[in-house]
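Asks: Quick one, upload_36.cif (mmCIF, C-alpha atoms and all ligand atoms):
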data_structure
#
loop_
_atom_site.group_PDB
_atom_site.id
_atom_site.type_symbol
_atom_site.label_atom_id
_atom_site.label_comp_id
_atom_site.auth_asym_id
_atom_site.auth_seq_id
_atom_site.Cartn_x
_atom_site.Cartn_y
_atom_site.Cartn_z
ATOM 1 C CA MET A 1 -5.002 22.852 16.608
ATOM 2 C CA ILE A 2 -4.649 20.049 14.078
ATOM 3 C CA VAL A 3 -1.343 18.409 13.091
ATOM 4 C CA THR A 4 -1.505 16.151 10.035
ATOM 5 C CA ILE A 5 1.175 13.587 9.189
ATOM 6 C CA ASP A 6 0.964 11.883 5.812
ATOM 7 C CA GLY A 7 3.376 9.617 3.974
ATOM 8 C CA PRO A 8 3.983 6.144 2.578
ATOM 9 C CA ALA A 9 4.113 2.855 4.493
ATOM 10 C CA GLY A 10 7.110 2.493 6.790
ATOM 11 C CA SER A 11 7.962 6.178 6.834
ATOM 12 C CA GLY A 12 7.552 6.047 10.608
ATOM 13 C CA LYS A 13 4.213 7.862 10.721
ATOM 14 C CA SER A 14 2.382 5.692 13.221
ATOM 15 C CA THR A 15 5.059 5.591 15.908
ATOM 16 C CA VAL A 16 6.046 9.203 15.480
ATOM 17 C CA ALA A 17 2.477 10.524 15.361
ATOM 18 C CA ARG A 18 1.497 8.575 18.455
ATOM 19 C CA ARG A 19 4.498 9.828 20.427
ATOM 20 C CA LEU A 20 3.958 13.379 19.245
ATOM 21 C CA ALA A 21 0.318 13.258 20.367
ATOM 22 C CA GLU A 22 1.425 12.027 23.802
ATOM 23 C CA ARG A 23 4.061 14.703 24.105
ATOM 24 C CA LEU A 24 1.644 17.484 23.167
ATOM 25 C CA ALA A 25 -1.277 15.895 25.055
ATOM 26 C CA PHE A 26 -3.349 15.966 21.853
ATOM 27 C CA ARG A 27 -5.848 13.342 20.759
ATOM 28 C CA PHE A 28 -4.484 10.832 18.221
ATOM 29 C CA LEU A 29 -6.116 9.441 15.075
ATOM 30 C CA ASP A 30 -4.650 6.489 13.148
ATOM 31 C CA SER A 31 -6.754 6.750 9.986
ATOM 32 C CA GLY A 32 -5.147 3.635 8.454
ATOM 33 C CA ALA A 33 -6.799 1.579 11.213
ATOM 34 C CA LEU A 34 -10.209 2.547 9.796
ATOM 35 C CA TYR A 35 -9.362 1.261 6.308
ATOM 36 C CA ARG A 36 -7.867 -1.831 7.894
ATOM 37 C CA CYS A 37 -11.110 -2.477 9.831
ATOM 38 C CA VAL A 38 -13.187 -2.274 6.642
ATOM 39 C CA THR A 39 -10.738 -4.637 4.896
ATOM 40 C CA PHE A 40 -10.789 -7.083 7.796
ATOM 41 C CA ALA A 41 -14.606 -7.090 7.896
ATOM 42 C CA ALA A 42 -14.850 -7.492 4.113
ATOM 43 C CA LEU A 43 -12.442 -10.459 4.091
ATOM 44 C CA GLU A 44 -14.235 -12.067 7.010
ATOM 45 C CA ARG A 45 -17.568 -11.763 5.208
ATOM 46 C CA GLY A 46 -16.149 -12.901 1.886
ATOM 47 C CA LEU A 47 -17.153 -9.709 0.073
ATOM 48 C CA SER A 48 -15.662 -8.776 -3.283
ATOM 49 C CA LEU A 49 -12.897 -6.199 -2.833
ATOM 50 C CA LYS A 50 -13.774 -4.762 -6.228
ATOM 51 C CA ASP A 51 -17.329 -3.802 -5.222
ATOM 52 C CA GLY A 52 -16.961 -0.161 -4.139
ATOM 53 C CA LEU A 53 -20.676 0.311 -3.518
ATOM 54 C CA GLY A 54 -20.936 -2.808 -1.347
ATOM 55 C CA LEU A 55 -17.784 -1.937 0.593
ATOM 56 C CA GLY A 56 -19.009 1.624 1.090
ATOM 57 C CA ARG A 57 -22.222 0.261 2.564
ATOM 58 C CA LEU A 58 -20.234 -2.089 4.777
ATOM 59 C CA ALA A 59 -18.032 0.809 5.986
ATOM 60 C CA ASP A 60 -21.130 2.903 6.697
ATOM 61 C CA GLY A 61 -22.604 0.232 8.924
ATOM 62 C CA LEU A 62 -19.492 -0.674 10.926
ATOM 63 C CA GLY A 63 -19.056 0.530 14.495
ATOM 64 C CA ILE A 64 -15.358 1.432 14.692
ATOM 65 C CA ALA A 65 -14.022 2.869 17.932
ATOM 66 C CA PHE A 66 -10.675 3.455 19.611
ATOM 67 C CA GLY A 67 -10.262 2.255 23.191
ATOM 68 C CA GLU A 68 -7.664 2.796 25.893
ATOM 69 C CA GLY A 69 -4.053 1.973 24.979
ATOM 70 C CA ASN A 70 -4.622 2.229 21.212
ATOM 71 C CA LEU A 71 -7.132 -0.610 21.120
ATOM 72 C CA VAL A 72 -9.170 -0.794 17.933
ATOM 73 C CA LEU A 73 -12.724 -2.013 18.403
ATOM 74 C CA LEU A 74 -14.909 -3.234 15.585
ATOM 75 C CA ASP A 75 -18.548 -3.545 16.620
ATOM 76 C CA GLY A 76 -17.326 -3.893 20.185
ATOM 77 C CA ARG A 77 -14.740 -6.596 19.403
ATOM 78 C CA ASP A 78 -11.000 -6.043 19.900
ATOM 79 C CA VAL A 79 -9.364 -6.364 16.443
ATOM 80 C CA THR A 80 -6.123 -4.499 17.221
ATOM 81 C CA THR A 81 -3.900 -7.442 16.214
ATOM 82 C CA GLU A 82 -6.075 -8.893 13.449
ATOM 83 C CA ILE A 83 -6.087 -5.703 11.388
ATOM 84 C CA ARG A 84 -2.256 -5.696 11.183
ATOM 85 C CA THR A 85 -1.737 -9.149 9.650
ATOM 86 C CA GLU A 86 -0.168 -9.403 6.180
ATOM 87 C CA ARG A 87 -3.499 -10.658 4.807
ATOM 88 C CA VAL A 88 -5.189 -7.375 5.713
ATOM 89 C CA THR A 89 -2.107 -5.311 4.786
ATOM 90 C CA SER A 90 -1.868 -6.760 1.295
ATOM 91 C CA ASN A 91 -5.557 -6.058 0.575
ATOM 92 C CA VAL A 92 -6.139 -2.728 2.305
ATOM 93 C CA SER A 93 -4.986 -0.505 -0.573
ATOM 94 C CA GLU A 94 -7.555 -2.003 -2.910
ATOM 95 C CA VAL A 95 -10.337 -1.402 -0.379
ATOM 96 C CA ALA A 96 -9.095 2.145 0.328
ATOM 97 C CA SER A 97 -9.093 2.991 -3.376
ATOM 98 C CA HIS A 98 -12.925 3.069 -3.540
ATOM 99 C CA ALA A 99 -14.469 6.546 -3.305
ATOM 100 C CA GLU A 100 -17.532 5.098 -1.521
ATOM 101 C CA VAL A 101 -15.357 3.673 1.257
ATOM 102 C CA ARG A 102 -13.452 6.941 1.684
ATOM 103 C CA GLU A 103 -16.687 8.919 1.795
ATOM 104 C CA ALA A 104 -18.156 6.605 4.440
ATOM 105 C CA LEU A 105 -15.141 7.162 6.726
ATOM 106 C CA LYS A 106 -14.915 10.940 6.341
ATOM 107 C CA GLY A 107 -17.401 11.893 9.060
ATOM 108 C CA LEU A 108 -15.802 9.642 11.644
ATOM 109 C CA GLN A 109 -12.348 11.141 10.970
ATOM 110 C CA ARG A 110 -13.541 14.745 11.111
ATOM 111 C CA ALA A 111 -15.481 14.062 14.313
ATOM 112 C CA CYS A 112 -12.153 13.217 16.001
ATOM 113 C CA ALA A 113 -11.128 16.878 15.825
ATOM 114 C CA VAL A 114 -14.325 18.311 17.278
ATOM 115 C CA GLY A 115 -13.633 20.172 20.506
ATOM 116 C CA THR A 116 -10.067 18.904 20.831
ATOM 117 C CA ASP A 117 -6.506 19.239 19.526
ATOM 118 C CA LEU A 118 -5.515 16.420 17.221
ATOM 119 C CA VAL A 119 -2.493 14.683 15.732
ATOM 120 C CA CYS A 120 -3.592 12.454 12.861
ATOM 121 C CA GLU A 121 -1.728 10.271 10.403
ATOM 122 C CA GLY A 122 -2.522 8.649 7.071
ATOM 123 C CA ARG A 123 -2.359 9.349 3.360
ATOM 124 C CA ASP A 124 -4.817 12.229 2.842
ATOM 125 C CA MET A 125 -5.028 13.917 6.243
ATOM 126 C CA GLY A 126 -3.550 17.236 5.116
ATOM 127 C CA THR A 127 -4.870 17.163 1.566
ATOM 128 C CA VAL A 128 -8.494 16.002 1.937
ATOM 129 C CA ILE A 129 -9.698 15.367 5.496
ATOM 130 C CA PHE A 130 -8.181 18.386 7.291
ATOM 131 C CA PRO A 131 -6.999 20.834 4.603
ATOM 132 C CA GLN A 132 -7.350 23.631 7.177
ATOM 133 C CA ALA A 133 -4.832 22.033 9.595
ATOM 134 C CA GLU A 134 -2.319 24.403 11.172
ATOM 135 C CA VAL A 135 0.682 22.050 10.810
ATOM 136 C CA LYS A 136 1.029 19.643 7.886
ATOM 137 C CA VAL A 137 3.898 17.194 7.574
ATOM 138 C CA TYR A 138 4.888 14.686 4.900
ATOM 139 C CA LEU A 139 7.146 11.939 6.242
ATOM 140 C CA ASP A 140 9.276 9.906 3.892
ATOM 141 C CA ALA A 141 12.210 7.492 3.991
ATOM 142 C CA SER A 142 14.171 5.400 1.494
ATOM 143 C CA PRO A 143 12.435 2.188 0.269
ATOM 144 C CA GLU A 144 15.058 0.020 2.040
ATOM 145 C CA THR A 145 14.628 1.830 5.357
ATOM 146 C CA ARG A 146 10.856 1.526 5.083
ATOM 147 C CA ALA A 147 11.008 -2.204 4.289
ATOM 148 C CA MET A 148 13.483 -2.815 7.144
ATOM 149 C CA ARG A 149 11.134 -1.129 9.599
ATOM 150 C CA ARG A 150 8.223 -3.216 8.404
ATOM 151 C CA MET A 151 10.310 -6.402 8.658
ATOM 152 C CA THR A 152 11.198 -5.640 12.278
ATOM 153 C CA GLU A 153 7.558 -4.891 13.046
ATOM 154 C CA LEU A 154 6.408 -8.175 11.489
ATOM 155 C CA ALA A 155 9.137 -10.194 13.216
ATOM 156 C CA LEU A 156 7.845 -8.911 16.564
ATOM 157 C CA SER A 157 4.446 -10.388 15.767
ATOM 158 C CA GLY A 158 5.990 -13.661 14.567
ATOM 159 C CA GLU A 159 5.563 -13.170 10.804
ATOM 160 C CA GLU A 160 8.653 -13.754 8.680
ATOM 161 C CA VAL A 161 8.843 -12.078 5.284
ATOM 162 C CA SER A 162 12.089 -11.438 3.365
ATOM 163 C CA LEU A 163 13.340 -7.918 2.814
ATOM 164 C CA ALA A 164 13.157 -8.263 -0.980
ATOM 165 C CA GLU A 165 9.547 -9.449 -0.754
ATOM 166 C CA LEU A 166 8.629 -6.545 1.514
ATOM 167 C CA VAL A 167 10.264 -3.987 -0.808
ATOM 168 C CA THR A 168 8.127 -5.394 -3.653
ATOM 169 C CA ARG A 169 4.911 -5.455 -1.601
ATOM 170 C CA MET A 170 5.425 -1.930 -0.302
ATOM 171 C CA ALA A 171 6.173 -0.602 -3.771
ATOM 172 C CA GLU A 172 2.912 -2.139 -4.980
ATOM 173 C CA ARG A 173 0.942 -0.606 -2.089
ATOM 174 C CA ASP A 174 2.559 2.800 -2.732
ATOM 175 C CA ARG A 175 1.719 2.486 -6.405
ATOM 176 C CA ILE A 176 -1.976 1.816 -5.708
ATOM 177 C CA ASP A 177 -2.141 4.504 -2.985
ATOM 178 C CA SER A 178 -0.570 7.202 -5.109
ATOM 179 C CA THR A 179 -2.272 6.485 -8.413
ATOM 180 C CA ARG A 180 -5.888 6.025 -7.253
ATOM 181 C CA GLU A 181 -8.406 8.609 -8.416
ATOM 182 C CA THR A 182 -9.832 9.557 -5.020
ATOM 183 C CA ALA A 183 -7.552 11.172 -2.445
ATOM 184 C CA PRO A 184 -4.248 9.728 -3.710
ATOM 185 C CA LEU A 185 -1.137 9.843 -1.554
ATOM 186 C CA ARG A 186 0.721 12.906 -2.785
ATOM 187 C CA ARG A 187 2.809 15.652 -1.317
ATOM 188 C CA SER A 188 1.290 19.091 -1.562
ATOM 189 C CA GLU A 189 3.470 22.171 -1.419
ATOM 190 C CA ASN A 190 2.093 23.280 1.956
ATOM 191 C CA GLN A 191 3.297 20.088 3.654
ATOM 192 C CA ILE A 192 6.692 20.155 5.333
ATOM 193 C CA LEU A 193 8.844 17.290 4.083
ATOM 194 C CA VAL A 194 10.777 15.341 6.709
ATOM 195 C CA ASP A 195 12.998 12.451 5.541
ATOM 196 C CA THR A 196 13.295 10.042 8.459
ATOM 197 C CA SER A 197 15.906 7.711 6.868
ATOM 198 C CA GLY A 198 18.877 8.526 9.078
ATOM 199 C CA LEU A 199 16.896 9.686 12.099
ATOM 200 C CA THR A 200 15.770 7.953 15.279
ATOM 201 C CA ILE A 201 12.128 8.125 16.332
ATOM 202 C CA ASP A 202 12.998 10.554 19.119
ATOM 203 C CA GLU A 203 14.807 12.852 16.693
ATOM 204 C CA VAL A 204 11.802 12.942 14.389
ATOM 205 C CA VAL A 205 9.420 13.598 17.285
ATOM 206 C CA VAL A 206 11.563 16.515 18.472
ATOM 207 C CA ARG A 207 11.757 17.911 14.953
ATOM 208 C CA LEU A 208 7.974 17.741 14.574
ATOM 209 C CA SER A 209 7.205 19.218 17.973
ATOM 210 C CA ASN A 210 9.357 22.195 17.030
ATOM 211 C CA LEU A 211 6.965 22.820 14.142
ATOM 212 C CA VAL A 212 3.970 23.148 16.462
ATOM 213 C CA PRO A 213 3.567 26.726 17.662
ATOM 214 C CA PRO A 214 3.247 27.185 21.448
ATOM 215 C CA ARG A 215 -0.233 27.941 22.820
ATOM 216 C CA SER A 216 -0.877 31.612 23.457
HETATM 217 O O1 LIG B 301 1.285 1.734 8.755
HETATM 218 P P1 LIG B 301 1.148 1.616 7.273
HETATM 219 O O2 LIG B 301 1.533 2.862 6.563
HETATM 220 O O3 LIG B 301 1.757 0.383 6.730
HETATM 221 O O4 LIG B 301 -0.385 1.422 7.002
HETATM 222 P P2 LIG B 301 -1.623 2.266 7.481
HETATM 223 O O5 LIG B 301 -1.272 3.676 7.813
HETATM 224 O O6 LIG B 301 -2.316 1.470 8.523
HETATM 225 O O7 LIG B 301 -2.513 2.306 6.148
HETATM 226 C C1 LIG B 301 -2.906 1.127 5.499
HETATM 227 C C2 LIG B 301 -3.506 1.469 4.141
HETATM 228 O O8 LIG B 301 -4.723 2.198 4.341
HETATM 229 C C3 LIG B 301 -2.675 2.340 3.218
HETATM 230 O O9 LIG B 301 -1.760 1.584 2.446
HETATM 231 C C4 LIG B 301 -3.742 3.003 2.359
HETATM 232 O O10 LIG B 301 -4.130 2.147 1.307
HETATM 233 C C5 LIG B 301 -4.912 3.135 3.303
HETATM 234 N N1 LIG B 301 -5.043 4.487 3.866
HETATM 235 C C6 LIG B 301 -5.617 5.453 3.098
HETATM 236 O O11 LIG B 301 -5.961 5.204 1.944
HETATM 237 N N2 LIG B 301 -5.847 6.696 3.598
HETATM 238 C C7 LIG B 301 -5.482 6.986 4.847
HETATM 239 N N3 LIG B 301 -5.726 8.213 5.322
HETATM 240 C C8 LIG B 301 -4.856 6.023 5.654
HETATM 241 C C9 LIG B 301 -4.625 4.765 5.135
#
Render the structure in this file as structure tokens.
Replies:
Amino acid sequence: MIVTIDGPAGSGKSTVARRLAERLAFRFLDSGALYRCVTFAALERGLSLKDGLGLGRLADGLGIAFGEGNLVLLDGRDVTTEIRTERVTSNVSEVASHAEVREALKGLQRACAVGTDLVCEGRDMGTVIFPQAEVKVYLDASPETRAMRRMTELALSGEEVSLAELVTRMAERDRIDSTRETAPLRRSENQILVDTSGLTIDEVVVRLSNLVPPRS
């Protein structure tokens, strides 16, 4: 059984998908972490973010793994915090727009569903990576709600960015993510739309678990 959760930044995907996976005892895949790892490695090596071929090669050669407690390991090194800084966040959409990068990460994502049930979240989980998934969800929320959530998240890690600035940055990321040629963020008609604006995390998790058919 595969459950895909797609949607824009701040729609609540990560938290909700993680909790849903726990509740169902399914494996969890945060596909954004993969694009963040490639971005982090590219920035660290000073590579051009416009060079799709070079970034694709970089992505191909990286050893990305998930450890206990949602740790993200890049060639054995714990980069869980580093990949969530604003520097990585403001560059990741450009990196993720290259077809070569997306192709390089496909195998790794599909391997996560081999022999196990999976909850995965990202931008193209239901449309490109797992089109055969049994349950496909598209999470959304108003731009203000999404920016507020991101602001709270950043404040927890000590980064202060104004709400207005975050609304602008998120709109720019959404624009790049939904207008790129390869695997753009878009809602397909077989995805169930859930607007999380007025809902708590628990309410969304309950709503999503009700969409997953019981095992026979
Ligand atoms: O949590 P948030 O939505 O802010 O970010 P994320 O899920 O970690 O994704 C970061 C970026 O990676 C997105 O803005 C996309 O540019 C890219 N991404 C993608 O292109 N395809 C995916 N399946 C997941 C993420």
Asks: For a test of reading the model, state the distance in Å between CA of Cys120 (chain A) and CA of Thr4 (chain A), rounded to one decimal.
Replies: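 One can read the CA of Cys120 (chain A) to CA of Thr4 (chain A) distance as 5.1 Å.
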Asks: Using the chain letters and numbers from the file, which residues does the PyMOL selection byres (((chain A and resi 169) around 12) and not hetatm) grab, as a compact mmCIF listing (two decimals) with C-alpha atoms, in the frame of the given file?
Replies:
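Contents of selection28.txt, freshly written:
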# COMPACT_ATOMS: atom_id res chain seq x y z
CA ALA A 9 4.11 2.86 4.49
CA GLY A 10 7.11 2.49 6.79
CA GLU A 86 -0.17 -9.40 6.18
CA ARG A 87 -3.50 -10.66 4.81
CA THR A 89 -2.11 -5.31 4.79
CA SER A 90 -1.87 -6.76 1.30
CA ASN A 91 -5.56 -6.06 0.57
CA SER A 93 -4.99 -0.50 -0.57
CA PRO A 143 12.44 2.19 0.27
CA ARG A 146 10.86 1.53 5.08
CA ALA A 147 11.01 -2.20 4.29
CA ARG A 150 8.22 -3.22 8.40
CA MET A 151 10.31 -6.40 8.66
CA VAL A 161 8.84 -12.08 5.28
CA SER A 162 12.09 -11.44 3.36
CA LEU A 163 13.34 -7.92 2.81
CA ALA A 164 13.16 -8.26 -0.98
CA GLU A 165 9.55 -9.45 -0.75
CA LEU A 166 8.63 -6.54 1.51
CA VAL A 167 10.26 -3.99 -0.81
CA THR A 168 8.13 -5.39 -3.65
CA MET A 170 5.42 -1.93 -0.30
CA ALA A 171 6.17 -0.60 -3.77
CA GLU A 172 2.91 -2.14 -4.98
CA ARG A 173 0.94 -0.61 -2.09
CA ASP A 174 2.56 2.80 -2.73
CA ARG A 175 1.72 2.49 -6.40
CA ILE A 176 -1.98 1.82 -5.71
Asks: Check which residues fall inside 8 Å of ligand LIG 301 (chain B) when counting all atoms listed in the file, and print them as a PyMOL selection string.
Replies: chain A and resi 6-14+30-36+84+89+92-97+102+121-125+150+173-174+176-177+183-185
Asks: CA of Gly69 (chain A) to CA of Gly115 (chain A): how many Å, to one decimal?
Replies: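 Pair CA of Gly69 (chain A) / CA of Gly115 (chain A) returns 21.0 Å.
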Asks: Evaluate the PyMOL selection byres (((chain A and resi 67) around 12) and not hetatm) and record the selected residues as a ChimeraX atom specification, following the chain and residue labels used in the document.
Replies: /A:28-29,64-66,68-74,76-80
Asks: Take the residues from that selection and write them out as a JSON list (two decimals), in the frame of the given file, keeping C-alpha atoms.
Replies:
[["chain", "number", "residue", "atom", "x", "y", "z"],
["A", 28, "PHE", "CA", -4.48, 10.83, 18.22],
["A", 29, "LEU", "CA", -6.12, 9.44, 15.08],
["A", 64, "ILE", "CA", -15.36, 1.43, 14.69],
["A", 65, "ALA", "CA", -14.02, 2.87, 17.93],
["A", 66, "PHE", "CA", -10.68, 3.46, 19.61],
["A", 68, "GLU", "CA", -7.66, 2.80, 25.89],
["A", 69, "GLY", "CA", -4.05, 1.97, 24.98],
["A", 70, "ASN", "CA", -4.62, 2.23, 21.21],
["A", 71, "LEU", "CA", -7.13, -0.61, 21.12],
["A", 72, "VAL", "CA", -9.17, -0.79, 17.93],
["A", 73, "LEU", "CA", -12.72, -2.01, 18.40],
["A", 74, "LEU", "CA", -14.91, -3.23, 15.58],
["A", 76, "GLY", "CA", -17.33, -3.89, 20.18],
["A", 77, "ARG", "CA", -14.74, -6.60, 19.40],
["A", 78, "ASP", "CA", -11.00, -6.04, 19.90],
["A", 79, "VAL", "CA", -9.36, -6.36, 16.44],
["A", 80, "THR", "CA", -6.12, -4.50, 17.22]]
Asks: To test your reading of the syntax: which residues would the PyMOL selection byres (((chain A and resi 58) around 10) and not hetatm) return for the file shown? Reply as a ChimeraX atom specification.
Replies: /A:38-39,41-42,47,52-57,59-62,100-101,104
Asks: CA of Thr182 (chain A) and CA of Val3 (chain A), how far apart in Å?
Replies: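 Taking CA of Val3 (chain A) and CA of Thr182 (chain A), their separation equals 21.9 Å.
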Asks: Give me, as a list in words, all polymer residues having an atom no more than 8 Å from region 187-191 of chain A, counting only C-alpha atoms and skipping those fewer than 6 positions away in the same chain.
Replies: Gly126, Thr127, Val135, Lys136, Val137 and Tyr138 of chain A
Asks: As lines of an AutoDock Vina configuration file, what would the box around region 71-79 of chain A look like: edges along x, y and z, 4 Å added on every side, centre and edge lengths in Å to one decimal?
Replies:
center_x = -12.8
center_y = -3.6
center_z = 18.4
size_x = 19.4
size_y = 14.0
size_z = 13.5
Asks: Take region 118-127 of chain A, bring it up to all heavy atoms, and give me the output as a compact mmCIF listing (two decimals), keeping the file's coordinate frame.
Replies:
# COMPACT_ATOMS: atom_id res chain seq x y z
N LEU A 118 -5.67 17.75 17.82
CA LEU A 118 -5.52 16.42 17.22
C LEU A 118 -4.20 16.27 16.47
O LEU A 118 -3.78 17.17 15.75
CB LEU A 118 -6.68 16.20 16.25
CG LEU A 118 -6.75 14.86 15.51
CD1 LEU A 118 -7.23 13.75 16.46
CD2 LEU A 118 -7.70 14.93 14.32
N VAL A 119 -3.58 15.10 16.63
CA VAL A 119 -2.49 14.68 15.73
C VAL A 119 -3.08 13.51 14.96
O VAL A 119 -3.60 12.57 15.57
CB VAL A 119 -1.24 14.19 16.51
CG1 VAL A 119 -0.23 13.60 15.53
CG2 VAL A 119 -0.61 15.32 17.30
N CYS A 120 -3.05 13.57 13.63
CA CYS A 120 -3.59 12.45 12.86
C CYS A 120 -2.60 12.03 11.79
O CYS A 120 -1.78 12.82 11.35
CB CYS A 120 -4.92 12.83 12.23
SG CYS A 120 -4.83 14.31 11.24
N GLU A 121 -2.67 10.75 11.42
CA GLU A 121 -1.73 10.27 10.40
C GLU A 121 -2.43 9.40 9.38
O GLU A 121 -3.41 8.72 9.70
CB GLU A 121 -0.57 9.53 11.08
CG GLU A 121 -0.99 8.36 11.94
CD GLU A 121 -0.62 7.03 11.33
OE1 GLU A 121 -0.32 6.96 10.13
OE2 GLU A 121 -0.67 6.03 12.07
N GLY A 122 -1.93 9.46 8.13
CA GLY A 122 -2.52 8.65 7.07
C GLY A 122 -1.94 8.99 5.72
O GLY A 122 -0.72 9.18 5.58
N ARG A 123 -2.82 9.06 4.72
CA ARG A 123 -2.36 9.35 3.36
C ARG A 123 -2.94 10.67 2.84
O ARG A 123 -2.37 11.29 1.97
CB ARG A 123 -2.80 8.23 2.40
CG ARG A 123 -2.30 6.84 2.74
CD ARG A 123 -0.80 6.75 2.59
NE ARG A 123 -0.27 5.39 2.72
CZ ARG A 123 -0.14 4.71 3.84
NH1 ARG A 123 -0.53 5.23 4.98
NH2 ARG A 123 0.41 3.52 3.84
N ASP A 124 -4.12 11.05 3.37
CA ASP A 124 -4.82 12.23 2.84
C ASP A 124 -5.28 13.16 3.96
O ASP A 124 -6.25 13.89 3.81
CB ASP A 124 -6.04 11.78 2.02
CG ASP A 124 -7.04 11.00 2.87
OD1 ASP A 124 -6.69 10.55 3.99
OD2 ASP A 124 -8.20 10.85 2.43
N MET A 125 -4.60 13.11 5.10
CA MET A 125 -5.03 13.92 6.24
C MET A 125 -4.92 15.41 5.93
O MET A 125 -5.85 16.17 6.17
CB MET A 125 -4.17 13.58 7.49
CG MET A 125 -4.29 12.17 7.99
SD MET A 125 -5.94 11.82 8.64
CE MET A 125 -6.67 11.03 7.25
N GLY A 126 -3.77 15.82 5.39
CA GLY A 126 -3.55 17.24 5.12
C GLY A 126 -4.16 17.69 3.80
O GLY A 126 -4.43 18.87 3.62
N THR A 127 -4.37 16.77 2.89
CA THR A 127 -4.87 17.16 1.57
C THR A 127 -6.39 17.14 1.47
O THR A 127 -6.99 17.99 0.83
CB THR A 127 -4.29 16.24 0.47
OG1 THR A 127 -4.50 14.88 0.87
CG2 THR A 127 -2.80 16.48 0.25
